[in-house]
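Peer 1: Quick one: structure below, then a few questions.
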Amino acid sequence: LLMLKQSWRWVSLFPLLHPVWFNLLLLVLAWSLVGVAYQSNDDLVIASVLDGWGDPSYADAHVIFVNPLLTGLLLKVAPVLGGVSVWPVFLALATLSSGAAIFTMLTAHARKARRYDFNTLVLLLVWLLIMPGFYAALQFSHAAFLTGFTGVLACLKYGSSWRGWCAGVFLCVLGSMVRLDAALVCDAFWGAILLAGSLEGLRPSREKLFALSRLWLALACVLISSFSLNEYNKYAHRNVLEGCDVAAWNQARALLSDTCPIRQESAYQCEKYGVFANDIRMVRMFTNCDMDVFNTDYLERLLLARDGGEFWPRAWARGEKALHLFSWDSVMDLLPCWILFGLACRVSFRRGDSPALVYCVGSLLVLILLYMSSIDRLYFRVVYPTFLIAGLCLLWSDKYRPIRINWTGKGALAGGVPMFCAFSVSLSQACAAVWEANLESFSPDAGRLLCERVDREPDSLFCVQMSGGTIDDLAPGQSVFRKAWSCSRKNVVTLGGWNFPLKPVQRKLKEMGWAGQSSLNLCRDNVYIVCLTPQGDVSDMDSKFMGMLSRHIWEQHGVRTAWHLDENIQGVRVYRLRKTWFQPGRKEAASVKEVRLSAM
């Protein structure tokens with residue numbers, strides 16, 4: 001029994017004694033069981049563009065978040081990798097090294113004590129439930145979150161020395177160069193920690209504020225550097241193609257696509273603003289394929305037609321949507337996160353921290369979630385790291401205070417039951433996600449056959465509907481560490497603006513004799529529309545999408561079109577769009593009518 005007790009003690013201490021190996025083990029298990037991929041199509045497009053398929057000195061709207069200085073530096077290192085794409089390697093290394101550094105700093109005191117306590121158990125549970133997903137699904141925001149928070153912890157832990165101070169500031173700024181929004185969330189929680197540390201009870205303390213002056217200075221330097229680099233980023237993306245300000249265009253598109261309509265559809269004042277209601281629906285489906293029409297001015301007029309220009313109605317509607325955070329569905333979806341955050345709060349109270357820390361961090365967390373909910377961006381890829389950073393802020397402590405818990409009676413109810421609930425709910429959600437993913441109607445050979453057709457017809461252009469995945473998502477054996485996805489094929493574009501304004505796409509359009517990026521080009525003989533909607537929903541989703549596209553061509557260009565299925569490749573549908581009738585002057589007549597109505 002003594003030997004078993006001693007051996008169990010060493011086994012339980014393994015992740016504490018070797019935090020780097022522990023995180024590496026999590027990464028290997030995640031890649032072995034789930035695999036490694038980009039979490040979203042946006043990440044795939046961003047990495048492809050930054051790898052040199054576009055022009056890294058500027059990029060399309062996806063890449064507006066990544067600083068060109070970081071891209072240029074990584075591309076200089078790329079030849080060392082022997083042809084392997086540099087961005088998935090960077091994201092994997094940034095995520096793994098930042099996770100290992102955070103785990104090392106947070107468990108330093110417990111490893112010296114060579115024993116578990118309640119604080120460390122909660123940290124392990126948080127780490128086991130959240131980090132494997134980060135390792136398996138590469139994402140720019142996750143890398144920025146972890147890199148930025150590593151810098152925050154470095155400043156808090158080693159900020160007394162200028163070397164540690166500079167290292168922490170550098171990591172925070174590096175996170176902002178990967179994704180500014182994610183890094184700013186880390187900086188905001190850093191400010192909440194400093195604010196709580198500057199209070200005596202709930203009142204400001206001049207002595208404590210002065211003691212934290214170096215950290216306040218570090219936070220100010222991080223914010224100034226981050227926003228300055230972001231302004232340079234906007235400047236680098238400005239006027240990249242035919243005088244188009246990509247930053248302004250992306251902002252107008254995001255406002256229109258990421259928020260629910262404030263007015264009902266029957267109340268759209270489209271004629272007053274000279275726009276069409278069908279175009280509003282197209283942008284919401286990321287189908288702004290007609291860049292001759294969907295310019296910045298037109299997107300702004302679409303927003304006015306849909307939401308109006310009054311401040312208070314917008315604010316009221318945003319407030320109502322923000323309260324959806326407390327709806328039953330949202331609470332159940334985020335139940336594991338709330339339980340984990342509640343355990344972190346309990347750790348903070350049991351450790352004897354100032355209540356101001358929990359109040360400041362908790363209030364900031366709720367405000368950030370309310371903001372995300374108000375703009376309809378309550379996405380797990382953003383919410384989970386936000387909860388993670390908030391919980392780690394409470395689990396961090398500059399002084400180690402072991403927390404004993406009695407695992408019988410009230411201690412078991414207060415500590416064990418929440419842990420079990422969080423673990424079981426997270427496990428059930430993960431199983432449900434895997435089960436839903438296995439319901440895809442595409443056969444294993446669908447991606448391979450589609451890619452073979454794309455390669456057989458190099459003079460054709462295949463346009464991928466944005467409501468589905470990318471072509472090589474379906475192809476078996478494709479790894480994010482090999483440059484073999486659909487974006488590397490020069491005759492594949494998406495209908496979210498023809499991958500505007502990527503140089504290979506522009507070159508391809510010119511080779512095919514296209515003067516602009518008009519949706520009329522979709523009616524050409526060598527153009528196909530690929531629909532990758534899950535479940536192969538031909539009767540519903542495809543008809544809605546193609547009907548919406550045909551209506552846009554009629555309203556904007558006066559051309560009637562018909563669409564038919566060219567080939568069904570084991571669940572992947574390939575369509576063709578053809579002109580059936582043309583009415584000269586259709587668009588001009590509609591514009592005159594709209595101007596007259598506006599004058600009235």
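Scheme for the structure tokens: letters A, B, ... for chains in order shown; per-chain residue numbers from 1; ligand numbers from 1 in order shown.
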Write out as a PyMOL selection string which residues come within 12 Å of A:Tyr298 when counting only C-alpha atoms, dropping same-chain ones fewer than 2 positions away.

Peer 2: chain A and resi 249+252-253+256+270+273-276+279-280+283+288+290-296+300-305

Peer 1: Considering only C-alpha atoms, return as a ChimeraX atom specification whatever protein or nucleic-acid residues lie within 10 Å of A:Ser354, sequence-local ones (same chain, fewer than 5 positions apart) excluded.

Peer 2: /A:196-197,199-202,348-349,359

Peer 1: Can those selected residues be exported to a file as a compact mmCIF listing (two decimals), in the first residue's frame so that it contains N, CA and C atoms?

Peer 2:
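Now in result.txt:
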```txt
# COMPACT_ATOMS: atom_id res chain seq x y z
N ALA A 196 -7.77 45.91 -9.79
CA ALA A 196 -8.07 45.26 -8.51
C ALA A 196 -6.90 45.37 -7.54
N GLY A 197 -5.67 45.29 -8.08
CA GLY A 197 -4.50 45.43 -7.22
C GLY A 197 -4.26 46.83 -6.73
N LEU A 199 -6.67 48.72 -5.51
CA LEU A 199 -7.77 49.05 -4.61
C LEU A 199 -7.48 48.50 -3.22
N GLU A 200 -7.87 49.23 -2.24
CA GLU A 200 -7.84 48.80 -0.84
C GLU A 200 -9.27 48.50 -0.46
N GLY A 201 -9.63 47.22 -0.48
CA GLY A 201 -11.04 46.88 -0.39
C GLY A 201 -11.69 47.19 -1.73
N LEU A 202 -12.56 48.20 -1.73
CA LEU A 202 -13.16 48.68 -2.98
C LEU A 202 -12.87 50.16 -3.19
N SER A 348 -10.34 31.74 -5.85
CA SER A 348 -9.88 33.07 -5.46
C SER A 348 -10.37 33.45 -4.07
N PHE A 349 -11.64 33.15 -3.77
CA PHE A 349 -12.16 33.48 -2.44
C PHE A 349 -11.50 32.63 -1.35
N TYR A 359 -14.61 40.72 -8.68
CA TYR A 359 -15.58 41.68 -9.19
C TYR A 359 -15.10 42.30 -10.50
```

Peer 1: Give me the residues near stretch 117-123 of chain A as a PyMOL selection string, where near means some atom within 8 Å (using only C-alpha atoms) and where sequence neighbours in that chain fewer than 2 positions away do not count.

Peer 2: chain A and resi 107+110+115+125-127+340+343-344+347+392+395+402-405+419

Peer 1: Could you write those residues out with N, CA, C and O atoms, as a PDB file, in the first residue's frame?

Peer 2:
```pdb
ATOM      1  N   THR A 107       1.804  26.930 -12.482  1.00  0.00           N
ATOM      2  CA  THR A 107       2.016  25.778 -11.598  1.00  0.00           C
ATOM      3  C   THR A 107       3.383  25.809 -10.918  1.00  0.00           C
ATOM      4  O   THR A 107       3.776  24.814 -10.300  1.00  0.00           O
ATOM      5  N   ALA A 110       3.125  25.300  -7.076  1.00  0.00           N
ATOM      6  CA  ALA A 110       2.637  23.964  -6.727  1.00  0.00           C
ATOM      7  C   ALA A 110       3.703  22.908  -6.992  1.00  0.00           C
ATOM      8  O   ALA A 110       3.823  21.926  -6.247  1.00  0.00           O
ATOM      9  N   ARG A 115       2.915  18.928  -4.510  1.00  0.00           N
ATOM     10  CA  ARG A 115       1.642  18.320  -4.155  1.00  0.00           C
ATOM     11  C   ARG A 115       0.516  19.100  -4.804  1.00  0.00           C
ATOM     12  O   ARG A 115       0.650  20.279  -5.114  1.00  0.00           O
ATOM     13  N   LEU A 125      -8.212  20.908 -14.689  1.00  0.00           N
ATOM     14  CA  LEU A 125      -9.496  20.646 -15.322  1.00  0.00           C
ATOM     15  C   LEU A 125      -9.747  21.644 -16.454  1.00  0.00           C
ATOM     16  O   LEU A 125     -10.171  21.263 -17.554  1.00  0.00           O
ATOM     17  N   VAL A 126      -9.482  22.918 -16.192  1.00  0.00           N
ATOM     18  CA  VAL A 126      -9.628  23.941 -17.231  1.00  0.00           C
ATOM     19  C   VAL A 126      -8.750  23.609 -18.431  1.00  0.00           C
ATOM     20  O   VAL A 126      -9.176  23.684 -19.591  1.00  0.00           O
ATOM     21  N   TRP A 127      -7.522  23.226 -18.145  1.00  0.00           N
ATOM     22  CA  TRP A 127      -6.556  22.950 -19.212  1.00  0.00           C
ATOM     23  C   TRP A 127      -6.975  21.739 -20.037  1.00  0.00           C
ATOM     24  O   TRP A 127      -6.889  21.747 -21.271  1.00  0.00           O
ATOM     25  N   LEU A 340     -16.635  26.258 -14.864  1.00  0.00           N
ATOM     26  CA  LEU A 340     -15.195  26.432 -14.659  1.00  0.00           C
ATOM     27  C   LEU A 340     -14.873  27.807 -14.094  1.00  0.00           C
ATOM     28  O   LEU A 340     -14.009  27.949 -13.217  1.00  0.00           O
ATOM     29  N   LEU A 343     -15.719  27.812 -10.451  1.00  0.00           N
ATOM     30  CA  LEU A 343     -14.676  27.152  -9.665  1.00  0.00           C
ATOM     31  C   LEU A 343     -13.470  28.065  -9.473  1.00  0.00           C
ATOM     32  O   LEU A 343     -12.861  28.097  -8.392  1.00  0.00           O
ATOM     33  N   ALA A 344     -13.107  28.820 -10.531  1.00  0.00           N
ATOM     34  CA  ALA A 344     -11.989  29.761 -10.398  1.00  0.00           C
ATOM     35  C   ALA A 344     -12.319  30.853  -9.384  1.00  0.00           C
ATOM     36  O   ALA A 344     -11.450  31.276  -8.600  1.00  0.00           O
ATOM     37  N   VAL A 347     -11.872  29.386  -5.984  1.00  0.00           N
ATOM     38  CA  VAL A 347     -10.443  29.322  -5.647  1.00  0.00           C
ATOM     39  C   VAL A 347      -9.951  30.671  -5.160  1.00  0.00           C
ATOM     40  O   VAL A 347      -9.220  30.766  -4.157  1.00  0.00           O
ATOM     41  N   LEU A 392      -7.996  32.070 -15.920  1.00  0.00           N
ATOM     42  CA  LEU A 392      -6.572  32.063 -15.578  1.00  0.00           C
ATOM     43  C   LEU A 392      -6.186  33.303 -14.776  1.00  0.00           C
ATOM     44  O   LEU A 392      -5.264  33.249 -13.955  1.00  0.00           O
ATOM     45  N   LEU A 395      -6.957  32.278 -11.319  1.00  0.00           N
ATOM     46  CA  LEU A 395      -6.120  31.196 -10.813  1.00  0.00           C
ATOM     47  C   LEU A 395      -4.676  31.636 -10.595  1.00  0.00           C
ATOM     48  O   LEU A 395      -3.923  30.956  -9.898  1.00  0.00           O
ATOM     49  N   PRO A 402      -1.655  27.334  -0.488  1.00  0.00           N
ATOM     50  CA  PRO A 402      -2.317  26.047  -0.745  1.00  0.00           C
ATOM     51  C   PRO A 402      -3.743  26.040  -0.199  1.00  0.00           C
ATOM     52  O   PRO A 402      -4.023  26.570   0.878  1.00  0.00           O
ATOM     53  N   ILE A 403      -4.647  25.474  -0.989  1.00  0.00           N
ATOM     54  CA  ILE A 403      -6.063  25.424  -0.613  1.00  0.00           C
ATOM     55  C   ILE A 403      -6.422  23.974  -0.335  1.00  0.00           C
ATOM     56  O   ILE A 403      -6.393  23.135  -1.243  1.00  0.00           O
ATOM     57  N   ARG A 404      -6.737  23.694   0.895  1.00  0.00           N
ATOM     58  CA  ARG A 404      -7.138  22.350   1.269  1.00  0.00           C
ATOM     59  C   ARG A 404      -8.649  22.219   1.103  1.00  0.00           C
ATOM     60  O   ARG A 404      -9.400  23.142   1.344  1.00  0.00           O
ATOM     61  N   ILE A 405      -9.084  21.043   0.673  1.00  0.00           N
ATOM     62  CA  ILE A 405     -10.517  20.800   0.528  1.00  0.00           C
ATOM     63  C   ILE A 405     -10.818  19.404   1.036  1.00  0.00           C
ATOM     64  O   ILE A 405     -10.061  18.450   0.784  1.00  0.00           O
ATOM     65  N   MET A 419     -16.919  19.951 -10.788  1.00  0.00           N
ATOM     66  CA  MET A 419     -15.914  19.407 -11.709  1.00  0.00           C
ATOM     67  C   MET A 419     -16.505  18.291 -12.559  1.00  0.00           C
ATOM     68  O   MET A 419     -16.304  18.242 -13.783  1.00  0.00           O
TER      69      MET A 419
END
```

Peer 1: Can you measure atom CA of A:Arg560 to atom CA of A:Thr580 for me? One decimal in Å is fine.

Peer 2: 5.4 Å

Peer 1: Tell me which of A:Ala144, A:Cys166, A:Met285, A:Val66 sits closest to A:Met541, counting only C-alpha atoms.

Peer 2: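 Among the listed residues, A:Met285 lies closest to A:Met541.
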
Peer 1: For A:Leu255, which of A:Arg551, A:Ser161, A:Asp307, A:Leu180 is the closest residue, counting only C-alpha atoms?

Peer 2: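 Nearest to A:Leu255: A:Asp307.
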
Peer 1: Could you tell me which of A:Leu532, A:Val361, A:Cys221, A:Cys523 comes closest to A:Ile553 if we count only C-alpha atoms?

Peer 2: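 Checking each of A:Leu532, A:Val361, A:Cys221, A:Cys523 against A:Ile553, counting only C-alpha atoms, the winner is A:Cys523.
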
Peer 1: For atom CA of A:Arg163 and atom CA of A:Gly72, quote the distance in Å rounded to one decimal.

Peer 2: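 Result for atom CA of A:Arg163 versus atom CA of A:Gly72: 26.3 Å, one decimal.
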
Peer 1: If DSSP is run on the backbone, what residues of stretch 159-383 of chain A are helix (DSSP H, G or I)? A reply as an NGL selection string would be ideal.

Peer 2: :A and (162-178 or 180-197 or 206-211 or 213-237 or 246-257 or 265-267 or 270-273 or 277-284 or 296-307 or 311-326 or 328-333 or 335-351 or 355-374 or 380-383)

Peer 1: Taking 3 positions as the minimum chain separation for residues in the same chain, which residues sit within 9 Å of A:Ser550 when counting only C-alpha atoms? Answer as an MDAnalysis selection string.

Peer 2: chainID A and resid 545:547 553:555 559:563 577

Peer 1: Only all heavy atoms, please: the residues just picked out, written as a short mmCIF file (atom, residue, chain, number, x, y, z; two decimals), in the first residue's frame.

Peer 2:
```cif
data_model
loop_
_atom_site.label_atom_id
_atom_site.label_comp_id
_atom_site.auth_asym_id
_atom_site.auth_seq_id
_atom_site.Cartn_x
_atom_site.Cartn_y
_atom_site.Cartn_z
N PHE A 545 -30.09 29.64 -52.74
CA PHE A 545 -28.87 30.35 -53.10
C PHE A 545 -28.86 30.72 -54.58
O PHE A 545 -28.60 31.86 -54.95
CB PHE A 545 -27.65 29.49 -52.75
CG PHE A 545 -26.36 30.01 -53.31
CD1 PHE A 545 -25.75 31.12 -52.75
CD2 PHE A 545 -25.77 29.41 -54.40
CE1 PHE A 545 -24.57 31.61 -53.26
CE2 PHE A 545 -24.58 29.90 -54.92
CZ PHE A 545 -23.98 31.00 -54.35
N MET A 546 -29.14 29.75 -55.46
CA MET A 546 -29.11 30.03 -56.88
C MET A 546 -30.22 30.99 -57.29
O MET A 546 -30.04 31.84 -58.17
CB MET A 546 -29.24 28.72 -57.67
CG MET A 546 -28.12 27.72 -57.41
SD MET A 546 -26.47 28.33 -57.83
CE MET A 546 -26.61 28.47 -59.60
N GLY A 547 -31.39 30.88 -56.64
CA GLY A 547 -32.46 31.83 -56.93
C GLY A 547 -32.10 33.25 -56.53
O GLY A 547 -32.40 34.22 -57.23
N ILE A 553 -28.70 39.17 -60.50
CA ILE A 553 -28.27 39.46 -61.87
C ILE A 553 -29.38 40.17 -62.64
O ILE A 553 -29.13 41.09 -63.43
CB ILE A 553 -27.85 38.14 -62.56
CG1 ILE A 553 -26.61 37.57 -61.87
CG2 ILE A 553 -27.57 38.36 -64.04
CD1 ILE A 553 -26.18 36.22 -62.41
N TRP A 554 -30.63 39.77 -62.39
CA TRP A 554 -31.75 40.43 -63.08
C TRP A 554 -31.92 41.87 -62.60
O TRP A 554 -32.09 42.80 -63.40
CB TRP A 554 -33.02 39.64 -62.87
CG TRP A 554 -34.28 40.40 -63.20
CD1 TRP A 554 -35.24 40.82 -62.34
CD2 TRP A 554 -34.69 40.83 -64.50
NE1 TRP A 554 -36.22 41.50 -63.00
CE2 TRP A 554 -35.91 41.52 -64.35
CE3 TRP A 554 -34.14 40.72 -65.78
CZ2 TRP A 554 -36.60 42.08 -65.41
CZ3 TRP A 554 -34.83 41.28 -66.85
CH2 TRP A 554 -36.05 41.95 -66.67
N GLU A 555 -31.86 42.08 -61.30
CA GLU A 555 -32.10 43.43 -60.76
C GLU A 555 -30.97 44.39 -61.12
O GLU A 555 -31.22 45.57 -61.39
CB GLU A 555 -32.26 43.35 -59.24
CG GLU A 555 -33.55 42.67 -58.80
CD GLU A 555 -33.64 42.53 -57.29
OE1 GLU A 555 -32.59 42.55 -56.62
OE2 GLU A 555 -34.76 42.40 -56.78
N VAL A 559 -30.64 40.84 -66.80
CA VAL A 559 -30.41 39.59 -67.50
C VAL A 559 -31.12 38.46 -66.76
O VAL A 559 -30.90 38.26 -65.56
CB VAL A 559 -28.90 39.27 -67.62
CG1 VAL A 559 -28.69 37.92 -68.29
CG2 VAL A 559 -28.19 40.36 -68.39
N ARG A 560 -32.00 37.73 -67.49
CA ARG A 560 -32.64 36.56 -66.92
C ARG A 560 -31.70 35.36 -67.05
O ARG A 560 -31.05 35.18 -68.09
CB ARG A 560 -33.95 36.26 -67.65
CG ARG A 560 -35.05 37.29 -67.43
CD ARG A 560 -35.58 37.22 -66.02
NE ARG A 560 -36.77 38.08 -65.85
CZ ARG A 560 -37.35 38.32 -64.70
NH1 ARG A 560 -36.86 37.75 -63.60
NH2 ARG A 560 -38.40 39.10 -64.63
N THR A 561 -31.65 34.55 -66.02
CA THR A 561 -30.76 33.38 -66.02
C THR A 561 -31.51 32.14 -65.58
O THR A 561 -32.53 32.21 -64.90
CB THR A 561 -29.55 33.61 -65.09
OG1 THR A 561 -30.04 33.92 -63.77
CG2 THR A 561 -28.68 34.74 -65.58
N ALA A 562 -30.97 31.01 -65.98
CA ALA A 562 -31.47 29.70 -65.54
C ALA A 562 -30.28 28.89 -65.05
O ALA A 562 -29.17 29.04 -65.56
CB ALA A 562 -32.19 28.99 -66.67
N TRP A 563 -30.50 28.04 -64.08
CA TRP A 563 -29.42 27.24 -63.55
C TRP A 563 -29.81 25.77 -63.57
O TRP A 563 -30.98 25.42 -63.44
CB TRP A 563 -29.08 27.68 -62.12
CG TRP A 563 -30.24 27.71 -61.17
CD1 TRP A 563 -31.16 28.71 -61.03
CD2 TRP A 563 -30.61 26.69 -60.24
NE1 TRP A 563 -32.08 28.39 -60.06
CE2 TRP A 563 -31.76 27.15 -59.56
CE3 TRP A 563 -30.09 25.45 -59.92
CZ2 TRP A 563 -32.40 26.40 -58.58
CZ3 TRP A 563 -30.71 24.70 -58.94
CH2 TRP A 563 -31.85 25.18 -58.28
N LEU A 577 -24.72 28.25 -64.72
CA LEU A 577 -25.68 29.35 -64.82
C LEU A 577 -25.63 29.89 -66.24
O LEU A 577 -24.54 30.20 -66.74
CB LEU A 577 -25.31 30.44 -63.80
CG LEU A 577 -26.35 31.52 -63.51
CD1 LEU A 577 -27.57 30.92 -62.83
CD2 LEU A 577 -25.75 32.60 -62.60
#
```

Peer 1: Determine, for each residue of stretch 284-314 of chain A having at least one atom at most 10 Å from an atom of stretch 462-465 of chain A, the closest pair of atoms and their separation in Å to one decimal, counting only C-alpha atoms; order by chain and ascending number, as CSV.

Peer 2:
```
residue,atom,partner,partner_atom,distance
A:Met285,CA,A:Gln465,CA,9.4
A:Phe286,CA,A:Gln465,CA,8.8
A:Thr287,CA,A:Gln465,CA,7.6
A:Cys289,CA,A:Cys463,CA,9.6
```

Peer 1: Output all heavy atoms for every residue in the selection just made, as a compact mmCIF listing (two decimals), in the first residue's frame.

Peer 2:
```
# COMPACT_ATOMS: atom_id res chain seq x y z
N MET A 285 -25.16 36.21 -46.57
CA MET A 285 -24.68 34.86 -46.89
C MET A 285 -23.27 34.89 -47.46
O MET A 285 -22.81 33.91 -48.05
CB MET A 285 -25.62 34.19 -47.88
CG MET A 285 -26.97 33.82 -47.30
SD MET A 285 -27.96 32.83 -48.45
CE MET A 285 -26.97 31.34 -48.53
N PHE A 286 -22.58 36.01 -47.31
CA PHE A 286 -21.19 36.16 -47.77
C PHE A 286 -21.09 35.87 -49.28
O PHE A 286 -20.13 35.27 -49.74
CB PHE A 286 -20.25 35.23 -47.00
CG PHE A 286 -20.24 35.48 -45.53
CD1 PHE A 286 -21.03 34.75 -44.68
CD2 PHE A 286 -19.45 36.48 -45.00
CE1 PHE A 286 -21.02 35.00 -43.31
CE2 PHE A 286 -19.43 36.73 -43.64
CZ PHE A 286 -20.22 35.99 -42.80
N THR A 287 -22.09 36.33 -50.03
CA THR A 287 -22.10 36.08 -51.47
C THR A 287 -21.99 37.39 -52.23
O THR A 287 -22.70 37.62 -53.19
CB THR A 287 -23.39 35.33 -51.87
OG1 THR A 287 -23.64 34.30 -50.92
CG2 THR A 287 -23.23 34.66 -53.23
N CYS A 289 -20.48 38.50 -54.62
CA CYS A 289 -19.62 38.06 -55.72
C CYS A 289 -19.48 39.12 -56.80
O CYS A 289 -18.65 38.97 -57.69
CB CYS A 289 -20.21 36.80 -56.36
SG CYS A 289 -21.87 37.04 -56.98
```

Peer 1: Go through A:Leu223, A:Leu367, A:Leu215, A:Val530 and flag the residue nearest A:Leu450, using only C-alpha atoms for the distances.

Peer 2: A:Val530

Peer 1: Of the residues A:Phe311, A:Trp328, A:Phe380, A:Phe65, which is the one nearest to A:Asn250, using only C-alpha atoms?

Peer 2: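 With only C-alpha atoms as the atom set, the closest residue is A:Phe65.
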
Peer 1: Between atom CA of A:Arg206 and atom CA of A:Gly164, what distance in Å does the model show, to one decimal?

Peer 2: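 Taking atom CA of A:Arg206 and atom CA of A:Gly164, their separation equals 24.8 Å.
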